[in-house]
Amino acid sequence: MNQLPSGVPGYSLPVRTIPLSMHNQADDRDISFTRLFRTLRRRKLVILVSVVLTTLMAWQASVYMTPKYKASALIEVNKEASDMLGDAIPGVIQDGSAAADSLDYNLTMQTHAQALQSDSITFQVADQLGLENRKEFRLENSWKSWFLPGKPLTEAQIEAEYRKPLDRSPVRRALLSYVFAHNLTVKTVPGTRLIEVHFLNPDPQAAADVVNKLVADYLQQYFRTRYTATEQASEWLSKELAGLKKDVDAGEQKLGETQKRAGLLGTDAEVHSLAITKLDALTKAVTGAEETRILADVTNRVVKTGSPELISAAFAGSGMMGGSPSNPLSLLQNLRAQEAQLKIQYAQAASKYGASFPALISLRSQLTDLDSSIQAELSKLSSRAENAYQVARASEDQLRESFAKEKAAAERLNDVAIQFTIQKHEVGVNRELYDNLLVKLKGAGILSGLQSTNVVVIDPARTTPNPARPSYPLNLAIGLGVGLLGGIALAFIKESTDTMLRTPEDVEEIASLPTLCVVPDFQPTRLPGALRPKLAHAWAVNHPNSAAAEAYRLLRTSVLLSNVDSPPKVILVTSALRKEGKSTTSVNMATTLASQDYKVLLVDADLRRSKVREDFQRSPGGGLTNLILNGQNGDSYYQTHPTVPTLSLLSAGYRPPNPNELLGSAQMRELVKQWREEFDFVIIDSPPVLAVSDPLVLSQYADATVLVVRYNQTTKQSLVRARDLLSRTNARVCGVVMNGMNLNSPEHFYAYGYYGYQQKGYYDDSSN
């Protein structure tokens with residue numbers, strides 16, 4: 001047996017058996033945009049049909065929709081200035097400076113927008129314009145009754161409803177609310193103080209009338225609200241003023257009585273100033289009297305000591321004697337001076353004369369007289385000092401008594417002044433409040449006669465020549481978008497429920513088997529006429545540069561490298577069901593092996609429906625059946641390929657009644673042993689494994705089993721079932737061949753890309 005030559009094209013690509021768990025992990029982390037786009041491309045017909053249908057439905061709906069005209073009005077909400085009642089009266093509508101705040105601005109605009117859509121306004125407009133006489137506002141339109149509470153009404157019930165007032169007919173109110181909610185649009189213009197009001201109606205004039213009437217009624221209602229608030233404020237002011245006037249009069253009367261009772265003249269400030277001045281003067285007088293009394297007391301005490309020097313000093317310091325020479329102190333000082341001179345004379349005379357000297361006697365007599373005079377003057381001074389002390393003490397006591405009286409009077413006056421001030425302040429506050437409210441009341445009377453508002457109409461509604469609904473571009477765009485999204489959703493749903501095998505990943509994920517190769521699909525019409533009657537399946541030999549030939553060479557390499565140390569010699573080729581390309585795979589696998597100078601035998605073991613013989617131009621006759629049954633010389637049943645001399649064919653032969661027993665016989669086992677000795681490789685083409693049990697019997701003789709599936713034809717369940725059947729017989733399945741891959745499919749183009757081979761591949765396997 002020949003060995004695998006080095007350098008054979010394609011032999012550098014080993015095949016790995018990929019466990020199922022590995023594929024699940026790969027799929028979980030590789031949900032790529034390429035796979036998603038591949039799915040969308042594969043299901044493009046579903047998406048296209050969905051888009052076309054929804055677009056047609058949108059166009060059809062637009063055609064049958066009743067045209068509606070839009071009327072629009074633009075109103076402006078200005079800042080509401082603080083009026084004369086603004087900051088002092090509760091319940092008055094105002095914006096004032098608070099409108100500058102963005103939050104207050106948004107609340108104000110939204111309030112106006114919602115108020116324009118209130119039921120009270122819309123019902124009033126419907127009544128004034130007689131909208132219930134129009135068919136779009138009538139209960140007779142049965143489809144509108146679906147949106148109303150309760151069951152649909154009969155004609156008699158409808159007539160009874162229209163005989164009732166609107167406020168007593170909840171069904172009619174619900175209908176009007178529904179119609180206005182679906183046709184009336186009120187929205188604010190961002191960044192401005194403008195509000196847009198839109199209404200849709202089949203009649204353009206009716207649409208304009210509804211908008212204009214709605215705006216006019218809202219302005220009137222808004223003014224009435226303000227007017228009512230002003231009137232209420234005026235009534236409240238009148239009542240408050242009457243009571244406040246009484247309080248002011250009573251306060252002024254009480255203030256006058258308090259002033260009269262206290263004897264206050266002039267203002268309270270003047271009275272308080274005079275009392276304080278008088279009290280300050282008495283305080284100073286008492287202080288001076290106290291000083292005089294203390295000085296007189298000191299002088300009196302000094303005089304009582306009898307010391308002429310102290311007395312002179314005391315009287316000289318007190319200033320009681322003044323500066324006159326006839327006052328006692330002056331006389332005392334003169335006498336003291338005379339006495340001093342006499343004492344000097346007496347001392348001089350005594351030093352010269354004796355005691356009995358007449359001159360000395362005369363001087364002693366004079367000294368005695370002067371002493372008597374001095375004592376007399378001292379007595380006078382003592383009496384005067386005592387009198388001065390008593391006068392100073394009496395004066396001080398009298399001043400203190402006057403000070404106490406004035407202090408008590410000042411305190412009483414201060415209490416009265418405080419009470420008077422409080423009463424005067426209360427009277428002033430009440431008077432000021434009364435004056436302010438009187439001004440407000442007069443202003444309210446003026447405002448009540450004015451019909452002004454801060455909401456003005458900028459653009460009234462006018463009729464339009466063209467309907468706003470239906471919008472064909474918008475409806476078609478919506479239909480297109482819905483169809484596209486729905487188509488994509490259906491595509492993924494169909495993809496998730498699809499049971500067909502389309503990619504090698506499907507094969508590996510479902511069966512946990514490696515994909516040996518992917519064979520592209522070719523249409524029979526592209527087959528040249530000269531090749532149609534012969535060798536229809538041997539593309540690897542007749543078209544070596546085609547994509548199919550390259551795929552089969554890859555299959556050859558993958559099978560041989562599935563076990564590098566001991567390549568399989570007997571290879572079984574089978575499929576799950578018919579027409580999946582197993583016979584074509586067998587022929588091309590045999591030819592690719594034989595083209596490498598291997599001696600190859602191709603055995604057609606499909607004893608029930610043989611197709612291989614067509615490639616060898618073999619007419620029905622002896623074959624595998626004859627070899628097993630008759631044991632004849634086998635050389636006459638082998639046929640050599642016309643262009644590949646190392647390739648031999650053993651056809652199926654005649655169809656036996658019991659193919660399964662025949663293939664499982666001892667003669668068949670001996671034939672396989674013989675083939676192993678005579679050929680390098682033996683390729684056995686067997687029937688589908690799910691159709692008959694022949695492949696399960698043949699798998700016992702094979703070193704490797706190749707399972708063939710067909711793109712977009714073999715189901716996942718069929719593949720799993722075929723794998724399970726083969727695994728139960730311990731068949732050595734080396735991999736799967738995906739046959740018939742569409743060259744234009746997204747799976748082929750984006751995942752495997754047999755670029756450059758598409759122009760020369762001819763393939764026909766429609767029958768096997």
# chains A, B, ... in the order shown; residues from 1 in each chain; ligands from 1
call {"tool": "select_by_dssp", "arguments": {"residues": "region 644-725 of chain A", "states": "strand (DSSP E)", "output": "list in words"}}
result
Leu647, Ser648, Leu649, Leu650, Phe681, Val682, Ile683, Ile684, Asp685, Ala704, Thr705, Val706, Leu707, Val708, Val709 and Arg710 of chain A
call {"tool": "residues_around", "arguments": {"residues": "Leu131 (chain A)", "least_positions_apart": "2", "cutoff": "12 Å", "atoms": "only C-alpha atoms", "output": "PyMOL selection string"}}
result
chain A and resi 122-129+133-138+172+175-176+179-180+201+203+206-207+209-210+213
call {"tool": "write_last_selection", "arguments": {"atoms": "N, CA, C and O atoms", "output": "short mmCIF file (atom, residue, chain, number, x, y, z; two decimals), in the first residue's frame"}}
result
data_model
loop_
_atom_site.label_atom_id
_atom_site.label_comp_id
_atom_site.auth_asym_id
_atom_site.auth_seq_id
_atom_site.Cartn_x
_atom_site.Cartn_y
_atom_site.Cartn_z
N THR A 122 -64.73 72.74 25.79
CA THR A 122 -65.08 72.00 24.57
C THR A 122 -66.59 71.74 24.48
O THR A 122 -67.17 71.84 23.39
N PHE A 123 -67.23 71.43 25.61
CA PHE A 123 -68.69 71.23 25.57
C PHE A 123 -69.40 72.53 25.21
O PHE A 123 -70.40 72.52 24.47
N GLN A 124 -68.90 73.65 25.71
CA GLN A 124 -69.50 74.95 25.40
C GLN A 124 -69.35 75.26 23.91
O GLN A 124 -70.30 75.73 23.26
N VAL A 125 -68.18 74.98 23.35
CA VAL A 125 -67.97 75.21 21.92
C VAL A 125 -68.88 74.31 21.10
O VAL A 125 -69.49 74.74 20.09
N ALA A 126 -69.00 73.04 21.49
CA ALA A 126 -69.86 72.11 20.76
C ALA A 126 -71.31 72.57 20.78
O ALA A 126 -72.03 72.46 19.77
N ASP A 127 -71.76 73.11 21.90
CA ASP A 127 -73.14 73.60 21.99
C ASP A 127 -73.34 74.86 21.18
O ASP A 127 -74.36 75.01 20.48
N GLN A 128 -72.39 75.79 21.22
CA GLN A 128 -72.54 77.05 20.50
C GLN A 128 -72.49 76.86 18.99
O GLN A 128 -73.20 77.54 18.25
N LEU A 129 -71.62 75.95 18.51
CA LEU A 129 -71.49 75.72 17.06
C LEU A 129 -72.41 74.62 16.55
O LEU A 129 -72.42 74.36 15.34
N ASN A 133 -74.69 68.21 15.40
CA ASN A 133 -75.45 67.99 14.17
C ASN A 133 -74.58 67.46 13.03
O ASN A 133 -75.10 67.08 11.99
N ARG A 134 -73.27 67.44 13.26
CA ARG A 134 -72.36 66.92 12.24
C ARG A 134 -72.14 65.43 12.49
O ARG A 134 -72.11 64.97 13.64
N LYS A 135 -71.96 64.67 11.41
CA LYS A 135 -71.93 63.22 11.54
C LYS A 135 -70.72 62.73 12.32
O LYS A 135 -70.78 61.70 12.98
N GLU A 136 -69.59 63.48 12.26
CA GLU A 136 -68.42 63.01 12.99
C GLU A 136 -68.58 63.15 14.49
O GLU A 136 -67.79 62.62 15.26
N PHE A 137 -69.63 63.89 14.93
CA PHE A 137 -69.90 64.05 16.35
C PHE A 137 -71.14 63.29 16.79
O PHE A 137 -71.57 63.43 17.94
N ARG A 138 -71.72 62.49 15.90
CA ARG A 138 -72.98 61.81 16.19
C ARG A 138 -72.72 60.39 16.69
O ARG A 138 -71.72 59.75 16.35
N ARG A 172 -73.13 61.08 25.41
CA ARG A 172 -72.78 62.16 24.48
C ARG A 172 -71.54 62.91 24.94
O ARG A 172 -70.70 63.30 24.12
N LEU A 175 -68.59 60.87 24.03
CA LEU A 175 -68.30 60.95 22.59
C LEU A 175 -67.61 62.26 22.25
O LEU A 175 -66.61 62.29 21.51
N LEU A 176 -68.14 63.38 22.77
CA LEU A 176 -67.51 64.68 22.50
C LEU A 176 -66.08 64.71 23.05
O LEU A 176 -65.16 65.22 22.39
N VAL A 179 -63.89 62.71 20.63
CA VAL A 179 -63.62 63.38 19.35
C VAL A 179 -62.64 64.53 19.55
O VAL A 179 -61.69 64.71 18.78
N PHE A 180 -62.86 65.34 20.59
CA PHE A 180 -61.96 66.47 20.82
C PHE A 180 -60.57 65.97 21.22
O PHE A 180 -59.55 66.57 20.84
N ASN A 201 -60.68 68.47 11.14
CA ASN A 201 -62.07 68.19 10.80
C ASN A 201 -62.18 68.02 9.30
O ASN A 201 -61.43 68.66 8.54
N ASP A 203 -64.32 69.24 7.42
CA ASP A 203 -64.73 70.52 6.86
C ASP A 203 -63.72 71.58 7.29
O ASP A 203 -63.56 71.84 8.48
N ALA A 206 -65.35 74.36 9.35
CA ALA A 206 -65.72 73.91 10.70
C ALA A 206 -64.49 73.83 11.59
O ALA A 206 -64.54 74.18 12.78
N ALA A 207 -63.36 73.38 11.06
CA ALA A 207 -62.13 73.32 11.84
C ALA A 207 -61.71 74.71 12.30
O ALA A 207 -61.34 74.90 13.47
N ASP A 209 -63.68 77.36 12.59
CA ASP A 209 -64.67 77.88 13.54
C ASP A 209 -64.46 77.30 14.94
O ASP A 209 -64.60 78.02 15.94
N VAL A 210 -64.16 76.02 15.01
CA VAL A 210 -63.95 75.40 16.32
C VAL A 210 -62.76 76.03 17.03
O VAL A 210 -62.83 76.37 18.22
N LYS A 213 -63.62 79.74 18.02
CA LYS A 213 -64.61 79.79 19.10
C LYS A 213 -64.00 79.29 20.40
O LYS A 213 -64.28 79.84 21.48
#
call {"tool": "closest_residue", "arguments": {"among": "A:Asp521, A:Leu490, A:Asn588, A:Ile683", "to": "Val570 (chain A)", "atoms": "only C-alpha atoms"}}
result
A:Ile683
call {"tool": "select_by_dssp", "arguments": {"residues": "region 573-724 of chain A", "states": "alpha helix (DSSP H)", "output": "PDB file with N, CA and C atoms, in the first residue's frame"}}
result
ATOM      1  N   LYS A 582     -24.765  11.486  -1.537  1.00  0.00           N
ATOM      2  CA  LYS A 582     -23.774  10.519  -1.065  1.00  0.00           C
ATOM      3  C   LYS A 582     -23.065   9.812  -2.221  1.00  0.00           C
ATOM      4  N   SER A 583     -23.799   9.484  -3.303  1.00  0.00           N
ATOM      5  CA  SER A 583     -23.169   8.802  -4.442  1.00  0.00           C
ATOM      6  C   SER A 583     -22.163   9.705  -5.123  1.00  0.00           C
ATOM      7  N   THR A 584     -22.521  10.966  -5.313  1.00  0.00           N
ATOM      8  CA  THR A 584     -21.584  11.928  -5.899  1.00  0.00           C
ATOM      9  C   THR A 584     -20.364  12.086  -5.011  1.00  0.00           C
ATOM     10  N   THR A 585     -20.582  12.139  -3.720  1.00  0.00           N
ATOM     11  CA  THR A 585     -19.457  12.244  -2.788  1.00  0.00           C
ATOM     12  C   THR A 585     -18.557  11.014  -2.886  1.00  0.00           C
ATOM     13  N   SER A 586     -19.162   9.834  -2.995  1.00  0.00           N
ATOM     14  CA  SER A 586     -18.371   8.600  -3.111  1.00  0.00           C
ATOM     15  C   SER A 586     -17.517   8.616  -4.368  1.00  0.00           C
ATOM     16  N   VAL A 587     -18.112   8.969  -5.522  1.00  0.00           N
ATOM     17  CA  VAL A 587     -17.390   8.980  -6.794  1.00  0.00           C
ATOM     18  C   VAL A 587     -16.229   9.959  -6.733  1.00  0.00           C
ATOM     19  N   ASN A 588     -16.476  11.175  -6.290  1.00  0.00           N
ATOM     20  CA  ASN A 588     -15.430  12.203  -6.293  1.00  0.00           C
ATOM     21  C   ASN A 588     -14.371  11.943  -5.237  1.00  0.00           C
ATOM     22  N   MET A 589     -14.751  11.362  -4.115  1.00  0.00           N
ATOM     23  CA  MET A 589     -13.752  11.018  -3.115  1.00  0.00           C
ATOM     24  C   MET A 589     -12.836   9.913  -3.655  1.00  0.00           C
ATOM     25  N   ALA A 590     -13.422   8.943  -4.364  1.00  0.00           N
ATOM     26  CA  ALA A 590     -12.620   7.867  -4.955  1.00  0.00           C
ATOM     27  C   ALA A 590     -11.694   8.399  -6.035  1.00  0.00           C
ATOM     28  N   THR A 591     -12.196   9.303  -6.883  1.00  0.00           N
ATOM     29  CA  THR A 591     -11.369   9.845  -7.968  1.00  0.00           C
ATOM     30  C   THR A 591     -10.240  10.709  -7.425  1.00  0.00           C
ATOM     31  N   THR A 592     -10.494  11.482  -6.374  1.00  0.00           N
ATOM     32  CA  THR A 592      -9.416  12.314  -5.809  1.00  0.00           C
ATOM     33  C   THR A 592      -8.335  11.447  -5.168  1.00  0.00           C
ATOM     34  N   LEU A 593      -8.735  10.335  -4.542  1.00  0.00           N
ATOM     35  CA  LEU A 593      -7.737   9.429  -3.986  1.00  0.00           C
ATOM     36  C   LEU A 593      -6.946   8.729  -5.093  1.00  0.00           C
ATOM     37  N   ALA A 594      -7.670   8.311  -6.149  1.00  0.00           N
ATOM     38  CA  ALA A 594      -6.990   7.624  -7.253  1.00  0.00           C
ATOM     39  C   ALA A 594      -6.079   8.559  -8.023  1.00  0.00           C
ATOM     40  N   LEU A 624     -21.776  -6.602  -7.084  1.00  0.00           N
ATOM     41  CA  LEU A 624     -21.579  -7.018  -5.702  1.00  0.00           C
ATOM     42  C   LEU A 624     -22.512  -8.159  -5.334  1.00  0.00           C
ATOM     43  N   THR A 625     -23.722  -8.100  -5.817  1.00  0.00           N
ATOM     44  CA  THR A 625     -24.681  -9.169  -5.511  1.00  0.00           C
ATOM     45  C   THR A 625     -24.186 -10.514  -6.031  1.00  0.00           C
ATOM     46  N   ASN A 626     -23.661 -10.523  -7.266  1.00  0.00           N
ATOM     47  CA  ASN A 626     -23.172 -11.769  -7.854  1.00  0.00           C
ATOM     48  C   ASN A 626     -21.970 -12.312  -7.087  1.00  0.00           C
ATOM     49  N   LEU A 627     -21.078 -11.413  -6.663  1.00  0.00           N
ATOM     50  CA  LEU A 627     -19.900 -11.859  -5.926  1.00  0.00           C
ATOM     51  C   LEU A 627     -20.289 -12.523  -4.610  1.00  0.00           C
ATOM     52  N   ILE A 628     -21.275 -11.981  -3.941  1.00  0.00           N
ATOM     53  CA  ILE A 628     -21.668 -12.529  -2.644  1.00  0.00           C
ATOM     54  C   ILE A 628     -22.443 -13.843  -2.806  1.00  0.00           C
ATOM     55  N   LEU A 629     -23.336 -13.859  -3.783  1.00  0.00           N
ATOM     56  CA  LEU A 629     -24.222 -15.026  -3.915  1.00  0.00           C
ATOM     57  C   LEU A 629     -23.543 -16.192  -4.645  1.00  0.00           C
ATOM     58  N   ASN A 630     -22.870 -15.871  -5.747  1.00  0.00           N
ATOM     59  CA  ASN A 630     -22.355 -16.941  -6.597  1.00  0.00           C
ATOM     60  C   ASN A 630     -20.920 -17.318  -6.268  1.00  0.00           C
ATOM     61  N   PRO A 659     -31.402  -7.516   0.821  1.00  0.00           N
ATOM     62  CA  PRO A 659     -30.083  -6.867   0.796  1.00  0.00           C
ATOM     63  C   PRO A 659     -29.392  -6.844   2.160  1.00  0.00           C
ATOM     64  N   ASN A 660     -30.138  -6.661   3.257  1.00  0.00           N
ATOM     65  CA  ASN A 660     -29.520  -6.527   4.575  1.00  0.00           C
ATOM     66  C   ASN A 660     -28.827  -7.817   4.985  1.00  0.00           C
ATOM     67  N   GLU A 661     -29.477  -8.950   4.770  1.00  0.00           N
ATOM     68  CA  GLU A 661     -28.862 -10.224   5.118  1.00  0.00           C
ATOM     69  C   GLU A 661     -27.663 -10.522   4.230  1.00  0.00           C
ATOM     70  N   LEU A 662     -27.773 -10.066   2.986  1.00  0.00           N
ATOM     71  CA  LEU A 662     -26.682 -10.318   2.052  1.00  0.00           C
ATOM     72  C   LEU A 662     -25.433  -9.533   2.463  1.00  0.00           C
ATOM     73  N   LEU A 663     -25.609  -8.271   2.828  1.00  0.00           N
ATOM     74  CA  LEU A 663     -24.468  -7.432   3.215  1.00  0.00           C
ATOM     75  C   LEU A 663     -23.876  -7.850   4.558  1.00  0.00           C
ATOM     76  N   ALA A 666     -21.132 -13.773   5.774  1.00  0.00           N
ATOM     77  CA  ALA A 666     -19.701 -14.057   5.892  1.00  0.00           C
ATOM     78  C   ALA A 666     -18.977 -13.812   4.586  1.00  0.00           C
ATOM     79  N   GLN A 667     -19.680 -14.046   3.446  1.00  0.00           N
ATOM     80  CA  GLN A 667     -19.061 -13.804   2.150  1.00  0.00           C
ATOM     81  C   GLN A 667     -18.700 -12.329   2.006  1.00  0.00           C
ATOM     82  N   MET A 668     -19.575 -11.459   2.497  1.00  0.00           N
ATOM     83  CA  MET A 668     -19.273 -10.021   2.412  1.00  0.00           C
ATOM     84  C   MET A 668     -18.064  -9.671   3.273  1.00  0.00           C
ATOM     85  N   ARG A 669     -17.961 -10.292   4.429  1.00  0.00           N
ATOM     86  CA  ARG A 669     -16.828 -10.026   5.303  1.00  0.00           C
ATOM     87  C   ARG A 669     -15.519 -10.475   4.642  1.00  0.00           C
ATOM     88  N   GLU A 670     -15.572 -11.616   3.942  1.00  0.00           N
ATOM     89  CA  GLU A 670     -14.391 -12.105   3.248  1.00  0.00           C
ATOM     90  C   GLU A 670     -14.007 -11.188   2.096  1.00  0.00           C
ATOM     91  N   LEU A 671     -15.032 -10.652   1.404  1.00  0.00           N
ATOM     92  CA  LEU A 671     -14.742  -9.725   0.304  1.00  0.00           C
ATOM     93  C   LEU A 671     -14.010  -8.482   0.825  1.00  0.00           C
ATOM     94  N   VAL A 672     -14.461  -7.974   1.943  1.00  0.00           N
ATOM     95  CA  VAL A 672     -13.819  -6.769   2.494  1.00  0.00           C
ATOM     96  C   VAL A 672     -12.373  -7.070   2.850  1.00  0.00           C
ATOM     97  N   LYS A 673     -12.103  -8.235   3.424  1.00  0.00           N
ATOM     98  CA  LYS A 673     -10.725  -8.594   3.739  1.00  0.00           C
ATOM     99  C   LYS A 673      -9.894  -8.671   2.466  1.00  0.00           C
ATOM    100  N   GLN A 674     -10.493  -9.216   1.416  1.00  0.00           N
ATOM    101  CA  GLN A 674      -9.781  -9.318   0.134  1.00  0.00           C
ATOM    102  C   GLN A 674      -9.478  -7.939  -0.428  1.00  0.00           C
ATOM    103  N   TRP A 675     -10.450  -7.054  -0.331  1.00  0.00           N
ATOM    104  CA  TRP A 675     -10.236  -5.689  -0.844  1.00  0.00           C
ATOM    105  C   TRP A 675      -9.126  -4.968  -0.062  1.00  0.00           C
ATOM    106  N   ARG A 676      -9.048  -5.173   1.213  1.00  0.00           N
ATOM    107  CA  ARG A 676      -8.006  -4.532   2.011  1.00  0.00           C
ATOM    108  C   ARG A 676      -6.617  -4.937   1.527  1.00  0.00           C
ATOM    109  N   GLU A 677      -6.498  -6.180   1.039  1.00  0.00           N
ATOM    110  CA  GLU A 677      -5.196  -6.661   0.576  1.00  0.00           C
ATOM    111  C   GLU A 677      -4.876  -6.183  -0.834  1.00  0.00           C
ATOM    112  N   GLU A 678      -5.931  -6.022  -1.668  1.00  0.00           N
ATOM    113  CA  GLU A 678      -5.707  -5.700  -3.071  1.00  0.00           C
ATOM    114  C   GLU A 678      -5.681  -4.197  -3.341  1.00  0.00           C
ATOM    115  N   ASP A 694     -29.031  -1.092   6.047  1.00  0.00           N
ATOM    116  CA  ASP A 694     -27.825  -1.551   5.366  1.00  0.00           C
ATOM    117  C   ASP A 694     -26.583  -0.794   5.815  1.00  0.00           C
ATOM    118  N   PRO A 695     -26.594   0.539   5.949  1.00  0.00           N
ATOM    119  CA  PRO A 695     -25.368   1.236   6.378  1.00  0.00           C
ATOM    120  C   PRO A 695     -24.894   0.795   7.756  1.00  0.00           C
ATOM    121  N   LEU A 696     -25.817   0.432   8.647  1.00  0.00           N
ATOM    122  CA  LEU A 696     -25.414  -0.003   9.979  1.00  0.00           C
ATOM    123  C   LEU A 696     -24.629  -1.309   9.902  1.00  0.00           C
ATOM    124  N   VAL A 697     -25.025  -2.186   8.945  1.00  0.00           N
ATOM    125  CA  VAL A 697     -24.305  -3.440   8.762  1.00  0.00           C
ATOM    126  C   VAL A 697     -22.940  -3.182   8.144  1.00  0.00           C
ATOM    127  N   LEU A 698     -22.907  -2.301   7.121  1.00  0.00           N
ATOM    128  CA  LEU A 698     -21.654  -2.021   6.425  1.00  0.00           C
ATOM    129  C   LEU A 698     -20.656  -1.272   7.306  1.00  0.00           C
ATOM    130  N   LYS A 716     -32.229  19.001  11.032  1.00  0.00           N
ATOM    131  CA  LYS A 716     -31.376  18.755  12.192  1.00  0.00           C
ATOM    132  C   LYS A 716     -31.761  17.452  12.884  1.00  0.00           C
ATOM    133  N   GLN A 717     -33.054  17.165  12.931  1.00  0.00           N
ATOM    134  CA  GLN A 717     -33.496  15.920  13.553  1.00  0.00           C
ATOM    135  C   GLN A 717     -32.981  14.703  12.789  1.00  0.00           C
ATOM    136  N   SER A 718     -32.943  14.799  11.440  1.00  0.00           N
ATOM    137  CA  SER A 718     -32.447  13.681  10.635  1.00  0.00           C
ATOM    138  C   SER A 718     -30.974  13.437  10.899  1.00  0.00           C
ATOM    139  N   LEU A 719     -30.196  14.514  11.010  1.00  0.00           N
ATOM    140  CA  LEU A 719     -28.770  14.366  11.281  1.00  0.00           C
ATOM    141  C   LEU A 719     -28.538  13.714  12.639  1.00  0.00           C
ATOM    142  N   VAL A 720     -29.255  14.185  13.646  1.00  0.00           N
ATOM    143  CA  VAL A 720     -29.074  13.620  14.992  1.00  0.00           C
ATOM    144  C   VAL A 720     -29.490  12.155  15.017  1.00  0.00           C
ATOM    145  N   ARG A 721     -30.594  11.848  14.335  1.00  0.00           N
ATOM    146  CA  ARG A 721     -31.050  10.455  14.314  1.00  0.00           C
ATOM    147  C   ARG A 721     -30.045   9.550  13.601  1.00  0.00           C
ATOM    148  N   ALA A 722     -29.503  10.000  12.479  1.00  0.00           N
ATOM    149  CA  ALA A 722     -28.509   9.209  11.755  1.00  0.00           C
ATOM    150  C   ALA A 722     -27.255   9.006  12.597  1.00  0.00           C
ATOM    151  N   ARG A 723     -26.798  10.064  13.273  1.00  0.00           N
ATOM    152  CA  ARG A 723     -25.618   9.930  14.126  1.00  0.00           C
ATOM    153  C   ARG A 723     -25.865   8.936  15.248  1.00  0.00           C
ATOM    154  N   ASP A 724     -27.047   9.007  15.877  1.00  0.00           N
ATOM    155  CA  ASP A 724     -27.359   8.094  16.974  1.00  0.00           C
ATOM    156  C   ASP A 724     -27.386   6.635  16.500  1.00  0.00           C
TER     157      ASP A 724
END
call {"tool": "residues_around", "arguments": {"residues": "Glu290 (chain A)", "least_positions_apart": "2", "cutoff": "12 Å", "atoms": "only C-alpha atoms", "output": "ChimeraX atom specification"}}
result
/A:283-288,292-297,389,391-400
call {"tool": "atom_distance", "arguments": {"atom1": "CA of Gly481 (chain A)", "atom2": "CA of Thr54 (chain A)"}}
result
8.7 Å
call {"tool": "closest_residue", "arguments": {"among": "A:Arg43, A:Lys569, A:Arg364, A:Arg608", "to": "Ile684 (chain A)", "atoms": "only C-alpha atoms"}}
result
A:Lys569
call {"tool": "residues_around", "arguments": {"residues": "Ser648 (chain A)", "least_positions_apart": "2", "cutoff": "7 Å", "atoms": "only C-alpha atoms", "output": "PDB file with C-alpha atoms, in the first residue's frame"}}
result
ATOM      1  CA  VAL A 600      -8.843   2.690  -5.136  1.00  0.00           C
ATOM      2  CA  LEU A 601     -11.960   0.534  -5.292  1.00  0.00           C
ATOM      3  CA  LEU A 602     -15.382   2.173  -5.376  1.00  0.00           C
ATOM      4  CA  TYR A 638     -14.696  -4.860 -11.708  1.00  0.00           C
ATOM      5  CA  GLN A 639     -14.618  -1.970 -14.149  1.00  0.00           C
ATOM      6  CA  THR A 640     -11.807   0.529 -14.514  1.00  0.00           C
ATOM      7  CA  HIS A 641     -12.501   4.258 -14.743  1.00  0.00           C
ATOM      8  CA  THR A 646      -6.089   3.340 -10.670  1.00  0.00           C
ATOM      9  CA  LEU A 650     -17.764  -2.678  -8.311  1.00  0.00           C
TER      10      LEU A 650
END
call {"tool": "atom_distance", "arguments": {"atom1": "CA of Asn730 (chain A)", "atom2": "CA of Ile510 (chain A)"}}
result
19.1 Å
call {"tool": "closest_residue", "arguments": {"among": "A:Asp459, A:Asp371, A:Glu161, A:Glu401", "to": "Gln338 (chain A)", "atoms": "only C-alpha atoms"}}
result
A:Asp371
call {"tool": "residues_around", "arguments": {"residues": "Pro504 (chain A)", "least_positions_apart": "5", "cutoff": "9 Å", "atoms": "only C-alpha atoms", "output": "list in words"}}
result
Glu509, Pro514, Thr515, Cys517, Val518, Val736, Val737 and Met738 of chain A
call {"tool": "atom_distance", "arguments": {"atom1": "CA of Leu139 (chain A)", "atom2": "CA of His182 (chain A)"}}
result
15.9 Å
call {"tool": "residues_around", "arguments": {"residues": "Ala58 (chain A)", "least_positions_apart": "4", "cutoff": "7 Å", "atoms": "only C-alpha atoms", "output": "ChimeraX atom specification"}}
result
/A:54,62,475-476,479
call {"tool": "residues_around", "arguments": {"residues": "Leu484 (chain A)", "least_positions_apart": "3", "cutoff": "12 Å", "atoms": "only C-alpha atoms", "output": "JSON, numbers by chain"}}
result
{"A": [40, 44, 45, 46, 47, 48, 49, 50, 51, 52, 53, 54, 55, 476, 477, 478, 479, 480, 481, 487, 488, 489, 490, 491]}
